[in-house]
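Asker: Take a look at this one; I'll ask things after.
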Amino acid sequence: MVIPANSILITGASSGYGAALAEVYARPGVALWLGGRDEARLAAVASLCRARGAEVTARRLDVTARAAMAQWIEECHRGRPLDLVVANAGISAGTGGIPKDGGVEAPHQAQRIFAVNVDGVFNTVEPAIPLMRGREPRPGVAAHAARGQIAIVSSLAGFRGFPGAPAYSASKAAVKAWGEALAPLLAREGIAVSVICPGFVVTPMTARNDFHMPFLMTADAAARRTRRGLDRARRRIAFPWPTYAAAWLLGALPPALGDRLLKGSPGKAPFNEGT
Ligand SMILES: NC(=O)c1ccc[n+]([C@@H]2O[C@H](COP(=O)([O-])OP(=O)(O)OC[C@H]3O[C@@H](n4cnc5c(N)ncnc54)[C@H](OP(=O)(O)O)[C@@H]3O)[C@@H](O)[C@H]2O)c1
């Protein structure tokens, strides 16, 4: 049975995968609450979604601003009770080009990645939980999702620590484990939690990668694949399967063997202050 989602909040909707997801959900009768930092790009995504018939409210907001995030999420829920909250905003950087004596990652890289990718997810999901808890279960909707759905965007990079992106893979492992832990707790209360683990997707984030990305998908294909999983409130939405199988196996192997397989693998570009 398809879980209905007619009031949807998405962070990081101004670009890439978040923007594609907004467009995939945009249709008459749907209210979209879109967050991002770049006002112009956010406005462009909002007008594309309006052209598809959705009612769109866009807000320029940094996910690390905890109090402002809580206030925004509450305002959206008051506007129309949230059926689906997607914690998508994220940044990425790695060890590419770091000189041998230059340390592991660029200065403040790990802290900034964790602030956005981990604290930003907490700041999005935590305010949504009491709001969803407080609403009446939607009639005719499966009990484990009757009060709403939460989607956490992790990555296949979260299945193991990758030397090319230490803090990034750690941040994605953190939110993956957090979402997996929340899922059975919140399902009892009628809130379904899905953890999304995409492989490589064509977005501005991957445009910085100067290495081969196997099974690279378009943002639209990734968003459609994600929606199919969310429609069924799947606990884990991981794709495409060949990269998923490889990431799963790398995570399951003894670390020394995994290290050998990853030896010489390229690093993501390092952090710059504009990220
Ligand atoms: N692309 C991939 O291959 C891939 C694979 C697996 C997982 N993911 C995950 O998918 C998510 C989206 O990534 P993407 O590939 O679509 O990258 P992207 O095109 O760079 O988009 C990132 C989005 O996050 C927003 N964002 C970044 N920092 C923010 C902050 N502090 N506050 C609010 N919004 C912020 C950006 O907003 P502004 O642009 O307005 O600043 C943008 O909308 C990320 O969590 C990423 O880790 C991506």
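By order in the structure tokens, chains are A, B, ...; within a chain, residues start at 1; ligands start at 1, following the order shown.
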Using DSSP on the backbone coordinates, identify the residues of region 41-75 of chain A assigned to helix (DSSP H, G or I); present them as a list in words.

Answerer: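 Restricting region 41-75 of chain A to helix (DSSP H, G or I) produces Arg41, Leu42, Ala43, Ala44, Val45, Ala46, Ser47, Leu48, Cys49, Arg50, Ala51, Arg66, Ala67, Ala68, Met69, Ala70, Gln71, Trp72, Ile73, Glu74 and Glu75 of chain A.
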
Asker: Within 6 Å of region 189-194 of chain A, counting only C-alpha atoms, which residues show up once you throw out same-chain ones fewer than 3 positions away? Write them as an MDAnalysis selection string, please.

Answerer: chainID A and resid 143:151 183 186 234:236

Asker: Write out as a short mmCIF file (atom, residue, chain, number, x, y, z; two decimals) with C-alpha atoms, in the first residue's frame each polymer residue (protein, DNA or RNA) that has an atom no more than 6 Å from ligand 1, with only C-alpha atoms and all ligand atoms counted.

Answerer:
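Everything below was put into out-v9.cif:
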data_model
loop_
_atom_site.label_atom_id
_atom_site.label_comp_id
_atom_site.auth_asym_id
_atom_site.auth_seq_id
_atom_site.Cartn_x
_atom_site.Cartn_y
_atom_site.Cartn_z
CA GLY A 12 18.85 21.08 0.97
CA ALA A 13 16.16 21.52 -1.68
CA SER A 14 18.04 24.27 -3.53
CA SER A 15 20.28 21.86 -5.41
CA GLY A 16 20.97 18.36 -6.70
CA TYR A 17 19.17 15.43 -5.16
CA GLY A 18 16.98 17.51 -2.80
CA GLY A 36 18.27 25.76 1.55
CA ARG A 37 20.86 28.53 1.82
CA ASP A 38 21.06 29.91 -1.71
CA LEU A 61 17.79 28.64 6.42
CA ASP A 62 21.00 27.02 7.64
CA VAL A 63 20.39 23.56 9.11
CA THR A 64 22.98 24.23 11.81
CA ASN A 88 18.76 15.90 3.11
CA ALA A 89 21.07 18.95 3.41
CA GLY A 90 24.70 17.89 3.41
CA ILE A 91 28.23 18.79 2.44
CA VAL A 116 25.90 20.09 8.76
CA VAL A 153 19.72 11.01 3.74
CA SER A 154 22.84 9.00 4.50
CA SER A 155 24.99 7.47 1.75
CA PRO A 198 22.37 6.57 -2.52
CA GLY A 199 25.46 5.69 -4.54
CA PHE A 200 26.96 8.30 -6.86
CA VAL A 201 24.41 10.83 -8.13
CA VAL A 202 25.03 13.62 -10.67
CA THR A 203 24.82 16.82 -8.56
CA PRO A 204 27.05 19.82 -7.82
CA MET A 205 28.48 17.73 -4.96
CA THR A 206 29.86 15.03 -7.27
#

Asker: So that I can check the secondary structure, give me every residue of region 64-191 of chain A assigned strand (DSSP E) by backbone DSSP, as a list of chain:residue names.

Answerer: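 DSSP on the backbone gives strand (DSSP E) at A:Leu84, A:Val85, A:Val86, A:Ala87, A:Gly148, A:Gln149, A:Ile150, A:Ala151, A:Ile152, A:Val153, A:Ile191.
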
Asker: Just the selected residues (all heavy atoms), exported as an mmCIF file, in the first residue's frame, please.

Answerer:
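Written output follows (selection-v3.cif):
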data_model
loop_
_atom_site.group_PDB
_atom_site.id
_atom_site.type_symbol
_atom_site.label_atom_id
_atom_site.label_comp_id
_atom_site.auth_asym_id
_atom_site.auth_seq_id
_atom_site.Cartn_x
_atom_site.Cartn_y
_atom_site.Cartn_z
ATOM 1 N N LEU A 84 5.716 14.074 5.649
ATOM 2 C CA LEU A 84 7.064 13.548 5.361
ATOM 3 C C LEU A 84 8.090 14.660 5.573
ATOM 4 O O LEU A 84 7.941 15.759 5.037
ATOM 5 C CB LEU A 84 7.114 13.068 3.889
ATOM 6 C CG LEU A 84 8.480 12.700 3.313
ATOM 7 C CD1 LEU A 84 9.096 11.501 4.041
ATOM 8 C CD2 LEU A 84 8.352 12.369 1.809
ATOM 9 N N VAL A 85 9.111 14.348 6.346
ATOM 10 C CA VAL A 85 10.227 15.291 6.553
ATOM 11 C C VAL A 85 11.498 14.621 6.038
ATOM 12 O O VAL A 85 11.830 13.514 6.463
ATOM 13 C CB VAL A 85 10.357 15.650 8.058
ATOM 14 C CG1 VAL A 85 11.662 16.392 8.336
ATOM 15 C CG2 VAL A 85 9.169 16.499 8.490
ATOM 16 N N VAL A 86 12.171 15.278 5.107
ATOM 17 C CA VAL A 86 13.386 14.699 4.518
ATOM 18 C C VAL A 86 14.600 15.523 4.960
ATOM 19 O O VAL A 86 14.748 16.684 4.564
ATOM 20 C CB VAL A 86 13.316 14.666 2.971
ATOM 21 C CG1 VAL A 86 14.523 13.920 2.410
ATOM 22 C CG2 VAL A 86 12.012 14.039 2.485
ATOM 23 N N ALA A 87 15.445 14.915 5.790
ATOM 24 C CA ALA A 87 16.684 15.575 6.245
ATOM 25 C C ALA A 87 17.762 15.264 5.216
ATOM 26 O O ALA A 87 18.416 14.221 5.266
ATOM 27 C CB ALA A 87 17.063 15.056 7.629
ATOM 28 N N GLY A 148 3.083 9.913 10.265
ATOM 29 C CA GLY A 148 4.043 10.603 9.400
ATOM 30 C C GLY A 148 5.269 9.766 9.096
ATOM 31 O O GLY A 148 5.413 8.632 9.570
ATOM 32 N N GLN A 149 6.136 10.362 8.296
ATOM 33 C CA GLN A 149 7.358 9.676 7.869
ATOM 34 C C GLN A 149 8.546 10.614 8.003
ATOM 35 O O GLN A 149 8.442 11.812 7.715
ATOM 36 C CB GLN A 149 7.270 9.314 6.387
ATOM 37 C CG GLN A 149 6.455 8.083 6.071
ATOM 38 C CD GLN A 149 6.502 7.801 4.567
ATOM 39 O OE1 GLN A 149 5.680 8.354 3.835
ATOM 40 N NE2 GLN A 149 7.423 6.996 4.125
ATOM 41 N N ILE A 150 9.675 10.027 8.368
ATOM 42 C CA ILE A 150 10.933 10.779 8.429
ATOM 43 C C ILE A 150 11.936 10.071 7.534
ATOM 44 O O ILE A 150 12.066 8.836 7.609
ATOM 45 C CB ILE A 150 11.434 10.847 9.889
ATOM 46 C CG1 ILE A 150 10.538 11.809 10.677
ATOM 47 C CG2 ILE A 150 12.896 11.275 9.959
ATOM 48 C CD1 ILE A 150 10.714 11.778 12.150
ATOM 49 N N ALA A 151 12.614 10.839 6.695
ATOM 50 C CA ALA A 151 13.635 10.247 5.817
ATOM 51 C C ALA A 151 14.964 10.932 6.113
ATOM 52 O O ALA A 151 15.048 12.159 6.150
ATOM 53 C CB ALA A 151 13.247 10.449 4.360
ATOM 54 N N ILE A 152 15.979 10.123 6.326
ATOM 55 C CA ILE A 152 17.317 10.645 6.641
ATOM 56 C C ILE A 152 18.236 10.287 5.485
ATOM 57 O O ILE A 152 18.376 9.100 5.145
ATOM 58 C CB ILE A 152 17.825 10.018 7.954
ATOM 59 C CG1 ILE A 152 16.942 10.487 9.119
ATOM 60 C CG2 ILE A 152 19.292 10.369 8.192
ATOM 61 C CD1 ILE A 152 17.220 9.800 10.432
ATOM 62 N N VAL A 153 18.843 11.303 4.879
ATOM 63 C CA VAL A 153 19.721 11.010 3.735
ATOM 64 C C VAL A 153 21.134 10.720 4.255
ATOM 65 O O VAL A 153 21.849 11.614 4.707
ATOM 66 C CB VAL A 153 19.709 12.153 2.702
ATOM 67 C CG1 VAL A 153 20.624 11.805 1.535
ATOM 68 C CG2 VAL A 153 18.277 12.386 2.199
ATOM 69 N N ILE A 191 5.169 6.557 13.431
ATOM 70 C CA ILE A 191 6.066 7.388 12.613
ATOM 71 C C ILE A 191 7.091 6.463 11.959
ATOM 72 O O ILE A 191 7.862 5.792 12.663
ATOM 73 C CB ILE A 191 6.780 8.456 13.471
ATOM 74 C CG1 ILE A 191 5.751 9.330 14.213
ATOM 75 C CG2 ILE A 191 7.709 9.305 12.608
ATOM 76 C CD1 ILE A 191 6.346 10.234 15.295
#

Asker: Pick from A:Ile196, A:Trp178, A:Gly164, A:Arg80: nearest to Leu262 (chain A), with only C-alpha atoms counted?

Answerer: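 Smallest distance to Leu262 (chain A) is found for A:Gly164.
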
Asker: Name all residues at most 7 Å from Asn117 (chain A) (count only C-alpha atoms; drop same-chain ones fewer than 2 positions away) and give them as an NGL selection string.

Answerer: :A and (90-91 or 113-115 or 119-121 or 171)

Asker: If you keep N, CA, C and O atoms, can you produce a file of those selected residues as a CSV table (one decimal), in the first residue's frame?

Answerer:
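In the end it all went to part.csv:
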chain,number,residue,atom,x,y,z
A,90,GLY,N,23.4,18.5,3.0
A,90,GLY,CA,24.7,17.9,3.4
A,90,GLY,C,25.8,18.5,2.6
A,90,GLY,O,25.6,19.1,1.6
A,91,ILE,N,27.0,18.4,3.2
A,91,ILE,CA,28.2,18.8,2.4
A,91,ILE,C,29.2,17.6,2.4
A,91,ILE,O,29.1,16.7,3.2
A,113,ILE,N,31.8,19.3,8.5
A,113,ILE,CA,31.0,18.2,8.0
A,113,ILE,C,30.0,17.7,9.0
A,113,ILE,O,28.8,17.4,8.7
A,114,PHE,N,30.5,17.5,10.2
A,114,PHE,CA,29.6,16.9,11.3
A,114,PHE,C,28.6,18.0,11.6
A,114,PHE,O,27.4,17.6,11.9
A,115,ALA,N,28.9,19.2,11.6
A,115,ALA,CA,27.9,20.3,12.0
A,115,ALA,C,26.7,20.2,11.0
A,115,ALA,O,25.5,20.2,11.5
A,119,ASP,N,24.6,17.2,13.0
A,119,ASP,CA,23.8,18.2,13.8
A,119,ASP,C,22.6,18.7,13.0
A,119,ASP,O,21.5,18.8,13.5
A,120,GLY,N,22.9,18.9,11.7
A,120,GLY,CA,21.8,19.4,10.8
A,120,GLY,C,20.7,18.4,10.7
A,120,GLY,O,19.5,18.8,10.6
A,121,VAL,N,21.0,17.1,10.7
A,121,VAL,CA,20.0,16.1,10.7
A,121,VAL,C,19.2,16.1,12.0
A,121,VAL,O,18.0,16.0,12.0
A,171,SER,N,30.3,10.8,9.1
A,171,SER,CA,29.0,11.5,9.3
A,171,SER,C,27.8,10.7,8.8
A,171,SER,O,26.7,10.7,9.4

Asker: Which is closer to Arg78 (chain A) than all the others in A:Cys197, A:Ala5, A:Ala246, A:Met132, using only C-alpha atoms?

Answerer: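 So, comparing all the options, the nearest one is A:Met132.
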
Asker: Tell me which of A:Trp248, A:Ala58, A:Leu82, A:Val195 sits closest to Leu182 (chain A), counting only C-alpha atoms.

Answerer: A:Val195

Asker: By how many Å are CA of Gly158 (chain A) and CA of Ile129 (chain A) apart?

Answerer: 23.6 Å

Asker: Might you pull out every residue within 9 Å of Pro166 (chain A), with only C-alpha atoms counted and same-chain residues fewer than 2 positions away left off, and present them as a list in words?

Answerer: Ala93, Gly94, Thr95, Val104, Glu105, Ala110, Gly161, Phe162, Pro163, Gly164, Tyr168, Ser169, Ala170 and Ser171 of chain A
